[in-house]
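> Okay, so here is my_file24.pdb, and as you'll see once you scroll down, it has PDB, C-alpha atoms.
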MODEL        1
ATOM      1  CA  ARG A   1      78.828 116.422  68.366
ATOM      2  CA  PRO A   2      79.475 120.150  68.675
ATOM      3  CA  PRO A   3      81.012 121.716  65.623
ATOM      4  CA  PRO A   4      84.817 121.952  65.746
ATOM      5  CA  GLN A   5      86.057 125.269  67.031
ATOM      6  CA  ALA A   6      88.107 127.409  64.772
ATOM      7  CA  PRO A   7      91.749 127.873  65.832
ATOM      8  CA  PRO A   8      92.403 131.166  67.605
ATOM      9  CA  ALA A   9      93.363 134.034  65.410
ATOM     10  CA  PRO A  10      97.077 134.920  65.306
ATOM     11  CA  GLN A  11      96.316 138.216  67.011
ATOM     12  CA  THR A  12      94.638 136.380  69.897
ATOM     13  CA  MET A  13      97.622 134.071  70.359
ATOM     14  CA  GLN A  14     100.014 137.019  70.297
ATOM     15  CA  LEU A  15      97.963 138.806  72.941
ATOM     16  CA  ALA A  16      97.951 135.689  75.121
ATOM     17  CA  VAL A  17     101.730 135.340  74.856
ATOM     18  CA  LEU A  18     102.147 139.052  75.565
ATOM     19  CA  ALA A  19      99.895 138.828  78.626
ATOM     20  CA  ALA A  20     101.828 135.844  79.960
ATOM     21  CA  GLY A  21     105.111 137.678  79.445
ATOM     22  CA  LEU A  22     103.826 140.769  81.227
ATOM     23  CA  ALA A  23     102.636 138.621  84.118
ATOM     24  CA  LEU A  24     106.096 137.079  84.479
ATOM     25  CA  ILE A  25     107.753 140.492  84.338
ATOM     26  CA  ALA A  26     105.360 141.852  86.950
ATOM     27  CA  ALA A  27     106.064 138.919  89.279
ATOM     28  CA  ALA A  28     109.823 139.349  88.881
ATOM     29  CA  SER A  29     109.555 143.110  89.463
ATOM     30  CA  TRP A  30     107.518 142.547  92.615
ATOM     31  CA  LYS A  31     110.143 140.168  93.983
ATOM     32  CA  LEU A  32     112.892 142.655  93.173
ATOM     33  CA  ARG A  33     111.003 145.454  94.959
ATOM     34  CA  ARG A  34     110.591 143.240  98.013
ATOM     35  CA  ARG A  35     114.286 142.412  97.896
ATOM     36  CA  LYS A  36     115.304 146.064  97.569
ATOM     37  CA  GLN A  37     112.989 147.015 100.400
ATOM     38  CA  SER A  38     114.581 144.401 102.624
ATOM     39  CA  ARG A  39     118.041 145.595 101.695
ATOM     40  CA  SER A  40     117.174 149.244 102.325
ATOM     41  CA  GLU A  41     115.798 148.372 105.749
ATOM     42  CA  VAL A  42     119.064 146.664 106.578
ATOM     43  CA  GLU A  43     121.033 149.614 105.233
ATOM     44  CA  GLU A  44     119.106 152.070 107.402
ATOM     45  CA  GLY A  45     120.399 150.314 110.479
ATOM     46  CA  ALA A  46     123.882 149.874 109.081
ATOM     47  CA  ALA A  47     125.013 153.300 110.281
ATOM     48  CA  HIS A  48     124.450 152.108 113.847
ATOM     49  CA  ALA A  49     125.715 148.575 113.277
ATOM     50  CA  PRO A  50     128.219 147.459 115.891
ATOM     51  CA  GLY A  51     131.824 146.828 114.987
ATOM     52  CA  CYS A  52     133.302 143.376 114.568
ATOM     53  CA  LYS A  53     134.609 143.354 118.140
ATOM     54  CA  SER A  54     131.087 143.418 119.573
ATOM     55  CA  LEU A  55     129.899 140.475 117.413
ATOM     56  CA  GLU A  56     130.743 136.859 118.081
ATOM     57  CA  PRO A  57     132.603 134.934 115.349
ATOM     58  CA  PHE A  58     130.790 131.985 113.810
ATOM     59  CA  SER A  59     132.234 128.987 115.644
ATOM     60  CA  TYR A  60     131.603 126.568 112.777
ATOM     61  CA  GLN A  61     133.606 128.425 110.124
ATOM     62  CA  ILE A  62     136.035 125.855 108.732
ATOM     63  CA  ALA A  63     137.631 127.711 105.823
ATOM     64  CA  GLY A  64     138.064 131.154 104.370
ATOM     65  CA  HIS A  65     140.136 134.098 105.525
ATOM     66  CA  ILE A  66     140.509 135.298 109.101
ATOM     67  CA  GLY A  67     139.925 138.951 109.947
ATOM     68  CA  LEU A  68     138.876 141.254 107.101
ATOM     69  CA  SER A  69     140.469 141.633 103.689
ATOM     70  CA  GLN A  70     139.485 142.177 100.070
ATOM     71  CA  HIS A  71     139.134 138.396  99.777
ATOM     72  CA  GLY A  72     136.589 138.001 102.591
ATOM     73  CA  GLY A  73     137.171 137.240 106.241
ATOM     74  CA  THR A  74     135.682 136.001 109.485
ATOM     75  CA  ILE A  75     131.985 135.120 109.516
ATOM     76  CA  LEU A  76     130.078 136.818 112.356
ATOM     77  CA  VAL A  77     126.861 135.995 114.201
ATOM     78  CA  THR A  78     124.535 139.014 114.050
ATOM     79  CA  GLU A  79     121.660 137.405 115.959
ATOM     80  CA  PRO A  80     120.415 133.883 116.684
ATOM     81  CA  GLY A  81     119.705 132.205 113.365
ATOM     82  CA  LYS A  82     121.589 134.728 111.196
ATOM     83  CA  ILE A  83     125.238 135.119 110.203
ATOM     84  CA  ALA A  84     127.085 137.884 108.369
ATOM     85  CA  LYS A  85     129.625 136.795 105.749
ATOM     86  CA  PRO A  86     132.084 139.399 104.431
ATOM     87  CA  VAL A  87     132.005 139.623 100.667
ATOM     88  CA  ALA A  88     135.103 139.664  98.516
ATOM     89  CA  GLN A  89     136.004 142.778  96.585
ATOM     90  CA  GLY A  90     137.506 143.371  93.185
ATOM     91  CA  ALA A  91     137.634 140.520  90.675
ATOM     92  CA  SER A  92     136.008 138.057  93.106
ATOM     93  CA  ALA A  93     133.051 140.274  94.043
ATOM     94  CA  ASN A  94     130.310 137.944  92.828
ATOM     95  CA  GLU A  95     128.813 136.508  96.024
ATOM     96  CA  GLU A  96     126.366 139.289  96.844
ATOM     97  CA  PRO A  97     124.925 139.482  93.298
ATOM     98  CA  PHE A  98     124.406 135.718  93.458
ATOM     99  CA  TYR A  99     122.390 135.791  96.692
ATOM    100  CA  SER A 100     120.455 138.940  95.794
ATOM    101  CA  SER A 101     119.297 137.409  92.484
ATOM    102  CA  LEU A 102     118.313 134.020  93.906
ATOM    103  CA  CYS A 103     114.679 135.130  94.140
ATOM    104  CA  LEU A 104     114.547 134.970  90.340
ATOM    105  CA  THR A 105     115.451 131.258  90.403
ATOM    106  CA  PRO A 106     113.120 129.519  92.907
ATOM    107  CA  ALA A 107     114.330 126.050  91.895
ATOM    108  CA  LEU A 108     117.837 126.955  93.112
ATOM    109  CA  GLU A 109     116.786 129.271  95.942
ATOM    110  CA  ARG A 110     115.236 126.450  97.966
ATOM    111  CA  PHE A 111     118.641 124.744  98.245
ATOM    112  CA  CYS A 112     120.401 127.858  99.576
ATOM    113  CA  PRO A 113     120.344 129.654 102.931
ATOM    114  CA  ALA A 114     117.848 132.498 103.087
ATOM    115  CA  TYR A 115     119.258 135.881 102.094
ATOM    116  CA  HIS A 116     118.508 138.759 104.491
ATOM    117  CA  GLY A 117     120.183 141.635 102.675
ATOM    118  CA  TYR A 118     123.497 143.144 103.669
ATOM    119  CA  ARG A 119     125.131 145.145 106.436
ATOM    120  CA  ILE A 120     128.090 147.467 106.700
ATOM    121  CA  ILE A 121     130.235 146.430 109.656
ATOM    122  CA  SER A 122     133.529 148.173 110.430
ATOM    123  CA  GLY A 123     133.456 149.715 106.964
ATOM    124  CA  HIS A 124     133.177 146.322 105.260
ATOM    125  CA  ARG A 125     130.228 144.906 103.376
ATOM    126  CA  PHE A 126     128.646 141.689 104.679
ATOM    127  CA  VAL A 127     125.845 139.543 103.285
ATOM    128  CA  VAL A 128     123.405 138.421 105.978
ATOM    129  CA  LEU A 129     122.385 134.780 105.585
ATOM    130  CA  GLN A 130     120.369 132.175 107.408
ATOM    131  CA  ASP A 131     122.424 130.158 109.899
ATOM    132  CA  LEU A 132     121.673 126.571 108.907
ATOM    133  CA  THR A 133     123.401 125.253 112.046
ATOM    134  CA  HIS A 134     121.134 127.202 114.413
ATOM    135  CA  GLY A 135     119.514 124.847 116.891
ATOM    136  CA  LEU A 136     121.780 121.894 116.028
ATOM    137  CA  ARG A 137     123.694 120.358 118.939
ATOM    138  CA  ALA A 138     126.591 118.803 117.018
ATOM    139  CA  PRO A 139     126.552 119.839 113.342
ATOM    140  CA  CYS A 140     128.981 118.363 110.841
ATOM    141  CA  MET A 141     130.319 120.817 108.273
ATOM    142  CA  VAL A 142     132.076 120.582 104.929
ATOM    143  CA  ASP A 143     133.261 123.403 102.658
ATOM    144  CA  ILE A 144     133.351 122.462  98.975
ATOM    145  CA  LYS A 145     134.544 124.662  96.124
ATOM    146  CA  LEU A 146     132.531 123.704  93.038
ATOM    147  CA  GLY A 147     133.540 124.050  89.407
ATOM    148  CA  THR A 148     136.369 122.945  87.146
ATOM    149  CA  SER A 149     138.012 126.382  87.345
ATOM    150  CA  THR A 150     138.491 128.878  90.174
ATOM    151  CA  VAL A 151     140.074 131.532  87.973
ATOM    152  CA  ALA A 152     138.159 134.825  88.113
ATOM    153  CA  ALA A 153     137.679 136.384  84.677
ATOM    154  CA  LYS A 154     138.861 139.826  85.823
ATOM    155  CA  ALA A 155     141.625 138.690  88.161
ATOM    156  CA  PRO A 156     145.195 139.928  87.531
ATOM    157  CA  TRP A 157     147.409 137.550  85.589
ATOM    158  CA  SER A 158     149.515 136.669  88.635
ATOM    159  CA  LYS A 159     146.364 135.528  90.450
ATOM    160  CA  ARG A 160     145.109 133.643  87.408
ATOM    161  CA  ILE A 161     148.350 131.665  87.121
ATOM    162  CA  THR A 162     148.262 130.767  90.838
ATOM    163  CA  HIS A 163     144.653 129.593  90.703
ATOM    164  CA  LEU A 164     145.214 127.685  87.455
ATOM    165  CA  ALA A 165     148.092 125.786  89.070
ATOM    166  CA  LYS A 166     145.927 124.934  92.118
ATOM    167  CA  ASP A 167     143.128 123.722  89.847
ATOM    168  CA  ARG A 168     145.480 121.342  88.042
ATOM    169  CA  GLU A 169     147.223 120.088  91.187
ATOM    170  CA  THR A 170     144.007 119.337  93.069
ATOM    171  CA  THR A 171     140.669 117.711  92.219
ATOM    172  CA  THR A 172     139.177 120.929  90.835
ATOM    173  CA  ARG A 173     140.052 120.274  87.195
ATOM    174  CA  SER A 174     139.526 116.488  87.238
ATOM    175  CA  LEU A 175     136.401 116.167  89.427
ATOM    176  CA  GLY A 176     134.872 119.626  89.291
ATOM    177  CA  LEU A 177     135.100 120.120  93.056
ATOM    178  CA  ARG A 178     137.668 120.586  95.813
ATOM    179  CA  LEU A 179     137.331 119.952  99.543
ATOM    180  CA  ILE A 180     138.330 123.126 101.384
ATOM    181  CA  GLY A 181     137.644 122.037 104.947
ATOM    182  CA  ALA A 182     135.505 119.821 107.146
ATOM    183  CA  MET A 183     134.520 119.496 110.787
ATOM    184  CA  HIS A 184     132.958 116.691 112.789
ATOM    185  CA  CYS A 185     131.439 117.471 116.188
ATOM    186  CA  ALA A 186     131.108 114.571 118.593
ATOM    187  CA  PRO A 187     127.531 114.393 119.949
ATOM    188  CA  SER A 188     128.914 113.264 123.321
ATOM    189  CA  GLY A 189     130.733 116.568 123.727
ATOM    190  CA  GLY A 190     134.142 115.086 122.991
ATOM    191  CA  PRO A 191     136.824 116.749 120.880
ATOM    192  CA  SER A 192     135.788 117.785 117.383
ATOM    193  CA  LEU A 193     137.771 116.933 114.274
ATOM    194  CA  ARG A 194     138.793 119.845 112.042
ATOM    195  CA  LEU A 195     140.351 119.438 108.595
ATOM    196  CA  GLY A 196     141.684 122.471 106.757
ATOM    197  CA  LYS A 197     142.894 123.587 103.326
ATOM    198  CA  ALA A 198     146.105 121.533 103.454
ATOM    199  CA  TRP A 199     144.044 118.371 103.857
ATOM    200  CA  GLY A 200     141.743 119.317 100.986
ATOM    201  CA  LYS A 201     144.611 120.142  98.618
ATOM    202  CA  ALA A 202     146.236 116.774  99.360
ATOM    203  CA  VAL A 203     143.149 114.780  98.372
ATOM    204  CA  ARG A 204     143.573 113.098  94.985
ATOM    205  CA  PRO A 205     140.871 111.856  92.569
ATOM    206  CA  MET A 206     141.541 108.159  93.186
ATOM    207  CA  GLN A 207     141.323 108.423  97.000
TER     208      GLN A 207
ENDMDL
END
Written as structure tokens, that's how I'd like the structure from this file.

Amino acid sequence: RPPPQAPPAPQTMQLAVLAAGLALIAAASWKLRRRKQSRSEVEEGAAHAPGCKSLEPFSYQIAGHIGLSQHGGTILVTEPGKIAKPVAQGASANEEPFYSSLCLTPALERFCPAYHGYRIISGHRFVVLQDLTHGLRAPCMVDIKLGTSTVAAKAPWSKRITHLAKDRETTTRSLGLRLIGAMHCAPSGGPSLRLGKAWGKAVRPMQ
């Protein structure tokens, strides 16, 4: 039998841990540089981006605001396979940071549409995302608001009270989710079924 090896010196173990940490930091920095490069490329073309009137609205949008406001607005199709979603401003401005940081969480990133940076359209900021319905003949859609609270931490008190009341009246507080809208497209080309916010708010936990 070979003689037992002596355990590594503390300095060696510290160097190994330090090297592993530096490798992780380098990988994260590389991903961030790639992300920033992609975003800058999108921004370079933003000055010449067409206005909303020259872009088609996303036909499968089943919830959200219409037009443009500080709370979001109409989703647009920028090119086949990509959509532009207006981001909320103010206390609810958390969507773009979420998508731009997904590269740091690969386990979650693979369940989300691909993030292609952002664009400025008609003076409003949009996140550009993968269109998951592209190529589908009759997609079925559902919009679900996740979480037991929809109250933004920095929202004004009037908004907090309104959202808190909605959370208690609907399934948000009890089930941790709320149905915002849904759509069923008939494969035969028949009429599609659309369900909106009023339907989602009326759903109760026992249904």
> The PyMOL selection byres ((chain A and resi 142) around 6) on the file shown: which residues, as a compact mmCIF listing (two decimals) with C-alpha atoms, in the frame of the given file?

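part.txt, freshly written:
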# COMPACT_ATOMS: atom_id res chain seq x y z
CA MET A 141 130.32 120.82 108.27
CA ASP A 143 133.26 123.40 102.66
CA GLY A 181 137.64 122.04 104.95
CA ALA A 182 135.50 119.82 107.15
> Name the residues that the PyMOL selection byres ((chain A and resi 193-197) around 10) picks from the file above, as JSON, numbers by chain, using the file's chain letters and numbers.
{"A": [60, 62, 63, 64, 140, 141, 142, 143, 178, 179, 180, 181, 182, 183, 184, 185, 186, 190, 191, 192, 198, 199, 200, 201, 202]}
> What lies within 10 Å of His163 (chain A) using all atoms listed in the file, ignoring chain neighbours under 4 positions off, as JSON, numbers by chain?
{"A": [149, 150, 151, 152, 155, 157, 158, 159, 167, 168, 169]}
> Written as a list in words, which residues does the PyMOL selection byres ((chain A and resi 80) around 10) give for the file shown?
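When the PyMOL selection byres ((chain A and resi 80) around 10) is applied to the shown file, the picked residues are Val77, Thr78, Glu79, Gly81, Lys82, Ile83, Gln130, Asp131, His134 and Gly135 of chain A.
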> Rank nothing, just name the residue among A:Ile121, A:Leu175, A:Ala138, A:Cys112 nearest to Ser188 (chain A), using all atoms listed in the file.
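Using all atoms listed in the file, the shortest distance to Ser188 (chain A) belongs to A:Ala138.
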> Can you work out the spacing between CA of Gln61 (chain A) and CA of Leu129 (chain A) in Å, to one decimal?
13.7 Å
> Quick one: residues within 9 Å of Leu102 (chain A), all atoms listed in the file, excluding same-chain residues fewer than 5 positions away - as a list of chain:residue names?
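With the cut-off at 9 Å, the set is A:Pro97, A:Leu108, A:Glu109, A:Cys112, A:Tyr115.
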> Give me the residues within 6 Å of Tyr118 (chain A) as a short mmCIF file (atom, residue, chain, number, x, y, z; two decimals) with C-alpha atoms, in the frame of the given file, counting all atoms listed in the file and dropping any in the same chain fewer than 5 places off.

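Contents of selection_12.cif, freshly written:
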data_model
loop_
_atom_site.label_atom_id
_atom_site.label_comp_id
_atom_site.auth_asym_id
_atom_site.auth_seq_id
_atom_site.Cartn_x
_atom_site.Cartn_y
_atom_site.Cartn_z
CA PHE A 126 128.65 141.69 104.68
CA VAL A 127 125.84 139.54 103.28
CA VAL A 128 123.40 138.42 105.98
#
> Can you work out the spacing between CA of Val203 (chain A) and CA of Thr171 (chain A) in Å, to one decimal?
7.3 Å
> Would you mind reading off the distance between CA of Ser100 (chain A) and CA of Pro113 (chain A), one decimal, in Å?
11.7 Å
> Tell me which of A:His124, A:Phe111, A:Ala84, A:Ser59 sits closest to Pro139 (chain A), counting all atoms listed in the file.
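Of the candidates, the smallest distance to Pro139 (chain A) is held by A:Ser59.
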> Looking at A:Cys103, A:Phe98, A:Pro187, A:Arg125, which one is nearest to Gly73 (chain A), with distances taken over all atoms listed in the file?
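The shortest atom-to-atom distance to Gly73 (chain A) comes from A:Arg125.
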